[in-house]
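Visitor: Below you'll find work.pdb; it's PDB, C-alpha atoms and all ligand atoms.
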```pdb
ATOM      1  CA  MET B 761      -2.651  29.117 114.078
ATOM      2  CA  PRO B 762      -1.498  31.094 117.110
ATOM      3  CA  GLU B 763      -4.421  33.073 118.527
ATOM      4  CA  GLY B 764      -4.361  36.361 120.437
ATOM      5  CA  ASP B 765      -3.630  34.748 123.803
ATOM      6  CA  THR B 766      -0.493  33.136 122.361
ATOM      7  CA  VAL B 767       0.686  36.362 120.721
ATOM      8  CA  HIS B 768       0.176  38.306 123.986
ATOM      9  CA  SER B 769       2.171  35.676 125.823
ATOM     10  CA  LEU B 770       5.004  35.866 123.249
ATOM     11  CA  ALA B 771       5.074  39.664 123.481
ATOM     12  CA  GLY B 772       5.316  39.403 127.269
ATOM     13  CA  ARG B 773       8.238  37.039 127.005
ATOM     14  CA  ILE B 774      10.049  39.278 124.517
ATOM     15  CA  ASN B 775       9.601  42.226 126.910
ATOM     16  CA  LEU B 776      10.895  40.155 129.804
ATOM     17  CA  LEU B 777      14.054  38.997 128.052
ATOM     18  CA  LEU B 778      14.822  41.800 125.605
ATOM     19  CA  GLY B 779      12.847  44.839 126.786
ATOM     20  CA  GLY B 780      15.020  47.920 127.398
ATOM     21  CA  ARG B 781      18.049  46.206 125.891
ATOM     22  CA  GLU B 782      20.196  47.073 122.915
ATOM     23  CA  MET B 783      20.196  44.588 120.042
ATOM     24  CA  GLY B 784      23.646  43.079 119.612
ATOM     25  CA  ILE B 785      22.478  40.943 116.712
ATOM     26  CA  ALA B 786      19.690  41.756 114.262
ATOM     27  CA  ASP B 787      19.649  39.902 110.989
ATOM     28  CA  ALA B 788      17.561  37.738 108.669
ATOM     29  CA  PRO B 789      19.718  34.863 107.382
ATOM     30  CA  ASN B 790      16.933  33.301 105.333
ATOM     31  CA  PRO B 791      16.848  34.853 101.829
ATOM     32  CA  ARG B 792      13.082  34.251 101.730
ATOM     33  CA  SER B 793      12.601  36.548 104.700
ATOM     34  CA  PRO B 794      10.859  39.836 103.848
ATOM     35  CA  LEU B 795      13.493  41.470 106.088
ATOM     36  CA  HIS B 796      16.500  39.801 104.516
ATOM     37  CA  GLN B 797      17.868  43.224 103.506
ATOM     38  CA  ARG B 798      16.534  45.467 106.256
ATOM     39  CA  ALA B 799      16.877  43.481 109.510
ATOM     40  CA  PRO B 800      20.377  44.837 110.273
ATOM     41  CA  GLU B 801      18.803  48.301 110.645
ATOM     42  CA  LEU B 802      17.704  47.104 114.090
ATOM     43  CA  GLU B 803      21.232  46.396 115.263
ATOM     44  CA  GLY B 804      22.298  48.762 118.023
ATOM     45  CA  ARG B 805      18.736  49.933 118.647
ATOM     46  CA  THR B 806      16.975  49.472 121.970
ATOM     47  CA  LEU B 807      13.891  47.256 122.042
ATOM     48  CA  GLU B 808      11.405  49.504 123.829
ATOM     49  CA  LEU B 809       8.208  47.461 123.862
ATOM     50  CA  ALA B 810       6.594  44.417 122.302
ATOM     51  CA  GLU B 811       2.793  44.569 122.197
ATOM     52  CA  ALA B 812       0.078  42.342 120.812
ATOM     53  CA  LEU B 813      -2.941  43.706 118.944
ATOM     54  CA  GLY B 814      -5.096  40.668 118.369
ATOM     55  CA  LYS B 815      -2.924  38.247 116.397
ATOM     56  CA  HIS B 816      -0.540  40.999 115.289
ATOM     57  CA  MET B 817       2.625  41.906 117.147
ATOM     58  CA  LEU B 818       4.305  45.298 117.092
ATOM     59  CA  ILE B 819       7.803  45.620 118.502
ATOM     60  CA  HIS B 820       8.869  49.213 119.040
ATOM     61  CA  PHE B 821      12.539  50.168 118.772
ATOM     62  CA  SER B 822      14.452  53.340 119.533
ATOM     63  CA  GLY B 823      14.514  55.771 116.629
ATOM     64  CA  ALA B 824      10.760  55.309 116.018
ATOM     65  CA  LEU B 825      11.167  52.077 114.083
ATOM     66  CA  VAL B 826       8.522  49.371 114.434
ATOM     67  CA  LEU B 827       8.624  45.703 113.582
ATOM     68  CA  HIS B 828       5.193  44.403 112.545
ATOM     69  CA  SER B 829       4.715  40.636 112.640
ATOM     70  CA  HIS B 830       1.811  38.273 112.011
ATOM     71  CA  LEU B 831       2.510  34.543 112.248
ATOM     72  CA  GLY B 832      -0.374  33.364 110.053
ATOM     73  CA  MET B 833      -0.783  29.586 109.942
ATOM     74  CA  ASN B 834       2.851  28.487 109.932
ATOM     75  CA  GLY B 835       4.975  31.187 111.556
ATOM     76  CA  ARG B 836       6.765  30.627 114.904
ATOM     77  CA  TRP B 837       8.614  32.685 117.468
ATOM     78  CA  TRP B 838      11.457  31.076 119.342
ATOM     79  CA  ILE B 839      12.355  33.018 122.471
ATOM     80  CA  ALA B 840      15.140  31.900 124.807
ATOM     81  CA  ALA B 841      17.153  33.296 127.690
ATOM     82  CA  ASP B 842      20.159  31.062 127.224
ATOM     83  CA  GLY B 843      21.455  31.703 123.727
ATOM     84  CA  GLU B 844      20.283  28.418 122.273
ATOM     85  CA  TRP B 845      19.502  29.052 118.605
ATOM     86  CA  PRO B 846      16.922  27.021 116.675
ATOM     87  CA  ARG B 847      18.247  24.972 113.780
ATOM     88  CA  ALA B 848      15.950  26.372 111.087
ATOM     89  CA  ARG B 849      17.206  29.338 109.071
ATOM     90  CA  PRO B 850      15.110  32.076 110.601
ATOM     91  CA  TRP B 851      13.337  35.025 109.049
ATOM     92  CA  LEU B 852      14.547  37.264 111.839
ATOM     93  CA  ARG B 853      17.065  37.009 114.674
ATOM     94  CA  LEU B 854      17.200  39.488 117.523
ATOM     95  CA  ALA B 855      19.672  39.002 120.345
ATOM     96  CA  SER B 856      21.054  40.916 123.273
ATOM     97  CA  GLY B 857      23.694  39.020 125.213
ATOM     98  CA  PRO B 858      22.452  35.432 125.630
ATOM     99  CA  ALA B 859      18.782  36.379 125.241
ATOM    100  CA  LEU B 860      17.229  35.981 121.834
ATOM    101  CA  ALA B 861      13.995  36.112 119.880
ATOM    102  CA  VAL B 862      13.748  34.414 116.519
ATOM    103  CA  GLN B 863      10.892  34.317 114.015
ATOM    104  CA  THR B 864      10.581  31.617 111.376
ATOM    105  CA  GLY B 865       7.962  31.858 108.639
ATOM    106  CA  GLY B 866       4.833  33.917 109.029
ATOM    107  CA  ARG B 867       2.251  35.814 107.062
ATOM    108  CA  LEU B 868       3.797  39.211 107.592
ATOM    109  CA  LEU B 869       7.086  40.630 108.798
ATOM    110  CA  ARG B 870       8.036  44.207 108.058
ATOM    111  CA  LEU B 871       9.781  47.280 109.359
ATOM    112  CA  SER B 872       8.107  50.647 109.275
ATOM    113  CA  SER B 873       8.062  54.009 110.995
ATOM    114  CA  GLU B 874       5.868  54.554 114.070
ATOM    115  CA  VAL B 875       3.614  56.819 112.003
ATOM    116  CA  ARG B 876       3.140  54.253 109.258
ATOM    117  CA  ALA B 877       2.483  51.446 111.737
ATOM    118  CA  ARG B 878      -0.120  53.568 113.520
ATOM    119  CA  ASN B 879      -1.899  54.220 110.229
ATOM    120  CA  ASP B 880      -1.766  50.653 108.944
ATOM    121  CA  PRO B 881      -5.287  50.008 107.571
ATOM    122  CA  THR B 882      -5.427  46.414 108.836
ATOM    123  CA  LEU B 883      -4.468  47.435 112.366
ATOM    124  CA  ARG B 884      -6.850  50.388 112.319
ATOM    125  CA  ALA B 885      -9.712  48.105 111.297
ATOM    126  CA  LEU B 886      -9.158  45.653 114.167
ATOM    127  CA  GLY B 887     -11.950  45.296 116.688
ATOM    128  CA  PRO B 888     -11.354  45.461 120.442
ATOM    129  CA  ASP B 889      -8.864  42.938 121.842
ATOM    130  CA  PRO B 890     -10.124  41.264 125.052
ATOM    131  CA  LEU B 891      -6.564  41.090 126.388
ATOM    132  CA  ARG B 892      -5.755  44.801 125.974
ATOM    133  CA  ALA B 893      -6.090  47.156 128.931
ATOM    134  CA  GLY B 894      -9.377  49.068 128.884
ATOM    135  CA  PHE B 895     -11.301  46.345 127.030
ATOM    136  CA  ASP B 896     -14.973  47.341 127.187
ATOM    137  CA  LEU B 897     -17.189  44.261 127.231
ATOM    138  CA  GLU B 898     -20.427  46.116 126.519
ATOM    139  CA  ALA B 899     -18.928  48.042 123.604
ATOM    140  CA  ALA B 900     -17.517  44.810 122.185
ATOM    141  CA  ALA B 901     -20.922  43.119 122.503
ATOM    142  CA  ARG B 902     -22.567  46.043 120.663
ATOM    143  CA  ARG B 903     -19.972  45.728 117.929
ATOM    144  CA  LEU B 904     -20.671  42.012 117.547
ATOM    145  CA  ARG B 905     -24.385  42.718 117.306
ATOM    146  CA  SER B 906     -24.058  45.506 114.726
ATOM    147  CA  LEU B 907     -21.256  44.157 112.500
ATOM    148  CA  GLY B 908     -22.162  40.484 112.839
ATOM    149  CA  ALA B 909     -25.961  40.760 112.699
ATOM    150  CA  ASP B 910     -26.727  38.606 109.657
ATOM    151  CA  ARG B 911     -23.933  36.136 110.218
ATOM    152  CA  GLU B 912     -23.657  32.922 112.162
ATOM    153  CA  LEU B 913     -22.179  33.520 115.609
ATOM    154  CA  GLY B 914     -19.238  31.157 115.155
ATOM    155  CA  GLU B 915     -18.296  32.806 111.878
ATOM    156  CA  ALA B 916     -18.702  36.386 113.167
ATOM    157  CA  LEU B 917     -16.438  35.660 116.143
ATOM    158  CA  LEU B 918     -13.583  34.890 113.741
ATOM    159  CA  ASP B 919     -13.822  38.327 112.093
ATOM    160  CA  GLN B 920     -10.874  40.318 113.437
ATOM    161  CA  ARG B 921     -12.742  43.571 112.711
ATOM    162  CA  ILE B 922     -15.367  42.584 115.281
ATOM    163  CA  LEU B 923     -13.085  41.221 117.999
ATOM    164  CA  ALA B 924      -9.316  40.958 117.624
ATOM    165  CA  GLY B 925      -7.353  37.883 118.634
ATOM    166  CA  ILE B 926     -10.056  35.225 118.508
ATOM    167  CA  GLY B 927      -9.170  32.180 116.403
ATOM    168  CA  ASN B 928     -10.819  28.836 115.843
ATOM    169  CA  ALA B 929     -10.141  27.259 119.254
ATOM    170  CA  ILE B 930     -11.210  30.303 121.267
ATOM    171  CA  ARG B 931     -14.443  30.818 119.329
ATOM    172  CA  ASN B 932     -15.351  27.137 119.747
ATOM    173  CA  GLU B 933     -14.669  27.223 123.491
ATOM    174  CA  ALA B 934     -16.414  30.582 123.976
ATOM    175  CA  CYS B 935     -19.608  29.341 122.287
ATOM    176  CA  PHE B 936     -19.460  26.163 124.376
ATOM    177  CA  ALA B 937     -18.808  27.979 127.665
ATOM    178  CA  ALA B 938     -21.732  30.308 126.921
ATOM    179  CA  ARG B 939     -23.826  27.252 125.872
ATOM    180  CA  ILE B 940     -24.772  28.866 122.557
ATOM    181  CA  ASP B 941     -24.983  27.034 119.227
ATOM    182  CA  PRO B 942     -22.357  28.597 116.910
ATOM    183  CA  TRP B 943     -24.729  28.215 113.938
ATOM    184  CA  ARG B 944     -27.310  30.643 115.301
ATOM    185  CA  ARG B 945     -27.395  34.023 113.619
ATOM    186  CA  VAL B 946     -26.212  36.901 115.754
ATOM    187  CA  VAL B 947     -29.415  38.845 115.067
ATOM    188  CA  ASP B 948     -31.407  36.050 116.722
ATOM    189  CA  LEU B 949     -29.405  36.156 119.960
ATOM    190  CA  SER B 950     -30.532  38.075 123.040
ATOM    191  CA  ALA B 951     -28.392  40.860 124.489
ATOM    192  CA  VAL B 952     -27.624  38.583 127.445
ATOM    193  CA  GLU B 953     -26.446  35.795 125.120
ATOM    194  CA  ILE B 954     -24.219  38.120 123.109
ATOM    195  CA  GLU B 955     -22.621  39.579 126.234
ATOM    196  CA  GLY B 956     -22.260  36.074 127.603
ATOM    197  CA  VAL B 957     -20.264  34.775 124.663
ATOM    198  CA  VAL B 958     -18.000  37.850 124.601
ATOM    199  CA  ARG B 959     -17.447  37.502 128.366
ATOM    200  CA  GLU B 960     -16.513  33.824 127.924
ATOM    201  CA  ALA B 961     -14.079  34.655 125.106
ATOM    202  CA  GLU B 962     -12.404  37.220 127.363
ATOM    203  CA  ARG B 963     -12.301  34.803 130.303
ATOM    204  CA  ILE B 964     -10.826  31.973 128.227
ATOM    205  CA  MET B 965      -8.125  34.262 126.852
ATOM    206  CA  GLN B 966      -7.284  35.583 130.344
ATOM    207  CA  VAL B 967      -7.076  32.058 131.757
ATOM    208  CA  SER B 968      -4.865  30.983 128.870
ATOM    209  CA  LEU B 969      -2.554  33.960 129.355
ATOM    210  CA  SER B 970      -2.144  33.355 133.087
ATOM    211  CA  ASP B 971      -2.052  29.530 133.080
ATOM    212  CA  GLY B 972      -0.322  28.978 129.748
ATOM    213  CA  GLN B 973      -3.177  26.831 128.443
ATOM    214  CA  ARG B 974      -6.778  27.218 127.461
ATOM    215  CA  PRO B 975      -9.579  25.495 129.346
ATOM    216  CA  ARG B 976     -10.519  22.319 127.463
ATOM    217  CA  GLY B 977     -14.090  22.026 126.276
ATOM    218  CA  VAL B 978     -15.397  20.965 122.883
ATOM    219  CA  HIS B 979     -12.584  22.108 120.587
ATOM    220  CA  ARG B 980     -11.273  18.968 118.846
ATOM    221  CA  ALA B 981     -13.327  16.879 121.281
ATOM    222  CA  ASP B 982     -15.213  14.994 118.568
ATOM    223  CA  ARG B 983     -13.575  11.756 119.788
ATOM    224  CA  ARG B 984     -13.619  12.202 123.542
ATOM    225  CA  GLY B 985     -17.106  13.721 123.707
ATOM    226  CA  CYS B 986     -18.643  16.669 125.516
ATOM    227  CA  PRO B 987     -17.027  17.371 128.920
ATOM    228  CA  ALA B 988     -20.375  18.582 130.292
ATOM    229  CA  CYS B 989     -22.882  15.897 129.197
ATOM    230  CA  GLY B 990     -20.676  13.131 127.782
ATOM    231  CA  GLY B 991     -22.629  13.195 124.515
ATOM    232  CA  PRO B 992     -21.129  13.343 121.026
ATOM    233  CA  VAL B 993     -19.468  16.567 119.853
ATOM    234  CA  SER B 994     -20.250  17.662 116.289
ATOM    235  CA  ALA B 995     -17.661  19.060 113.887
ATOM    236  CA  ARG B 996     -18.253  20.882 110.604
ATOM    237  CA  GLY B 997     -16.551  23.580 108.543
ATOM    238  CA  GLN B 998     -18.091  27.022 108.987
ATOM    239  CA  GLY B 999     -17.856  30.278 107.069
ATOM    240  CA  ASP B1000     -15.866  31.244 103.969
ATOM    241  CA  ALA B1001     -12.614  30.056 105.527
ATOM    242  CA  ASN B1002     -14.253  26.727 106.398
ATOM    243  CA  ARG B1003     -12.673  26.580 109.855
ATOM    244  CA  THR B1004     -13.986  23.578 111.779
ATOM    245  CA  ALA B1005     -16.660  24.441 114.310
ATOM    246  CA  PHE B1006     -16.911  21.987 117.218
ATOM    247  CA  TRP B1007     -20.052  22.075 119.333
ATOM    248  CA  CYS B1008     -22.269  19.958 121.544
ATOM    249  CA  PRO B1009     -25.796  19.907 120.079
ATOM    250  CA  ARG B1010     -27.176  18.850 123.456
ATOM    251  CA  CYS B1011     -25.563  21.560 125.607
ATOM    252  CA  GLN B1012     -25.480  24.422 123.142
ATOM    253  CA  ARG B1013     -28.785  25.978 122.140
TER     254      ARG B1013
HETATM  255 ZN    ZN K1101     -22.806  18.439 126.004
END
```
Once you've parsed the file, please lay out its structure as structure tokens.

Guide:
Amino acid sequence: MPEGDTVHSLAGRINLLLGGREMGIADAPNPRSPLHQRAPELEGRTLELAEALGKHMLIHFSGALVLHSHLGMNGRWWIAADGEWPRARPWLRLASGPALAVQTGGRLLRLSSEVRARNDPTLRALGPDPLRAGFDLEAAARRLRSLGADRELGEALLDQRILAGIGNAIRNEACFAARIDPWRRVVDLSAVEIEGVVREAERIMQVSLSDGQRPRGVHRADRRGCPACGGPVSARGQGDANRTAFWCPRCQR
């Protein structure tokens, strides 16, 4: 599943290629697309700004219309400068001259007014996003401590209401970088440990956004072993969603 760093990167690319431009094509050829009927409403409008809020993307158009997208597990954006269309029948096509942005699949794709998008309960409930301007590390750490208290750290980090944009890979790497066992309960962690893991999550996401890839630690390293000590990396499903936690029992305490 694309995590917040990926969605921020996609939004940046949409701004670069389509920002400030009028949509020459806006349609949804796939009949299964939630926007099959409404996508043409975007034709002729100017794409003002694409922004990521955690794993959600909002694309603002002239006339106070907003496209709200969440890729979920299987959705994809295809963004190209040269007019090369993907073969799949997309859920949404936006193009201005040769530049295009295409979404296939996804958990959510809808058009709404600016007012409705601003008041969307899911978006309003999102915790702070480490990649948004003004991210406050101490406030985010307090939020993790208060909302995640009785939960295991690795599970709490996946809750978008605590921190927005963190998915399975980032939480595994953040716990590893901070050298904290993801199975410990948040209430048992010191203030320094909590701040440490939030700081590592932010750092990993920043690195990923600037370099185009995340630092490689323990995530999916159960075969190659721990990059710090060379020992075996453990893997086990965690939380209600049973996402696989990867951790080094020797390095992470
Ligand atoms: Zn290790």

Visitor: Ligand ZN 1101 (chain K): which residues are within 10 Å, counting all atoms listed in the file? Reply as a ChimeraX atom specification.

Guide: /B:936,939,977-978,985-993,1007-1012

Visitor: Please produce a file of those selected residues containing C-alpha atoms, as a compact mmCIF listing (two decimals), keeping the file's coordinate frame.

Guide:
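Saved result, out11.txt, follows:
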```txt
# COMPACT_ATOMS: atom_id res chain seq x y z
CA PHE B 936 -19.46 26.16 124.38
CA ARG B 939 -23.83 27.25 125.87
CA GLY B 977 -14.09 22.03 126.28
CA VAL B 978 -15.40 20.96 122.88
CA GLY B 985 -17.11 13.72 123.71
CA CYS B 986 -18.64 16.67 125.52
CA PRO B 987 -17.03 17.37 128.92
CA ALA B 988 -20.38 18.58 130.29
CA CYS B 989 -22.88 15.90 129.20
CA GLY B 990 -20.68 13.13 127.78
CA GLY B 991 -22.63 13.20 124.52
CA PRO B 992 -21.13 13.34 121.03
CA VAL B 993 -19.47 16.57 119.85
CA TRP B 1007 -20.05 22.08 119.33
CA CYS B 1008 -22.27 19.96 121.54
CA PRO B 1009 -25.80 19.91 120.08
CA ARG B 1010 -27.18 18.85 123.46
CA CYS B 1011 -25.56 21.56 125.61
CA GLN B 1012 -25.48 24.42 123.14
```

Visitor: Residues around (-10.7, 41.0, 112.5), cut-off 8 Å, counting all atoms listed in the file - what are they as a PyMOL selection string?

Guide: chain B and resi 885-887+918-925

Visitor: Need the shell around Gly823 of chain B: protein/DNA/RNA residues with any atom at most 12 Å away, counting all atoms listed in the file. Skip same-chain ones fewer than 3 positions apart. Format as a list in words?

Guide: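 My list of contacting residues is Glu801, Leu802, Glu803, Gly804, Arg805, Thr806, Leu807, Glu808, His820, Val826, Ser872, Ser873, Glu874 and Val875 of chain B.
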
Visitor: Go ahead and write the selection's residues with C-alpha atoms as a PDB file, in the frame of the given file.

Guide:
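What ended up in out-v1.pdb:
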```
ATOM      1  CA  GLU B 801      18.803  48.301 110.645  1.00  0.00           C
ATOM      2  CA  LEU B 802      17.704  47.104 114.090  1.00  0.00           C
ATOM      3  CA  GLU B 803      21.232  46.396 115.263  1.00  0.00           C
ATOM      4  CA  GLY B 804      22.298  48.762 118.023  1.00  0.00           C
ATOM      5  CA  ARG B 805      18.736  49.933 118.647  1.00  0.00           C
ATOM      6  CA  THR B 806      16.975  49.472 121.970  1.00  0.00           C
ATOM      7  CA  LEU B 807      13.891  47.256 122.042  1.00  0.00           C
ATOM      8  CA  GLU B 808      11.405  49.504 123.829  1.00  0.00           C
ATOM      9  CA  HIS B 820       8.869  49.213 119.040  1.00  0.00           C
ATOM     10  CA  VAL B 826       8.522  49.371 114.434  1.00  0.00           C
ATOM     11  CA  SER B 872       8.107  50.647 109.275  1.00  0.00           C
ATOM     12  CA  SER B 873       8.062  54.009 110.995  1.00  0.00           C
ATOM     13  CA  GLU B 874       5.868  54.554 114.070  1.00  0.00           C
ATOM     14  CA  VAL B 875       3.614  56.819 112.003  1.00  0.00           C
TER      15      VAL B 875
END
```

Visitor: Evaluate the PyMOL selection byres (((chain B and resi 861) around 12) and not hetatm) against this structure - the residues, as a PyMOL selection string, please.

Guide: chain B and resi 770-779+783-788+807+810+819+836-846+850-860+862-864

Visitor: What's the 12 Å shell around His979 of chain B, counting all atoms listed in the file, without same-chain residues fewer than 3 positions away, as an NGL selection string?

Guide: :B and (927-937 or 974-976 or 982-987 or 993-996 or 1003-1008)

Visitor: Could you tell me how far atom CA of Val946 of chain B lies from atom CA of Gly914 of chain B, in Å and to one decimal?

Guide: 9.1 Å
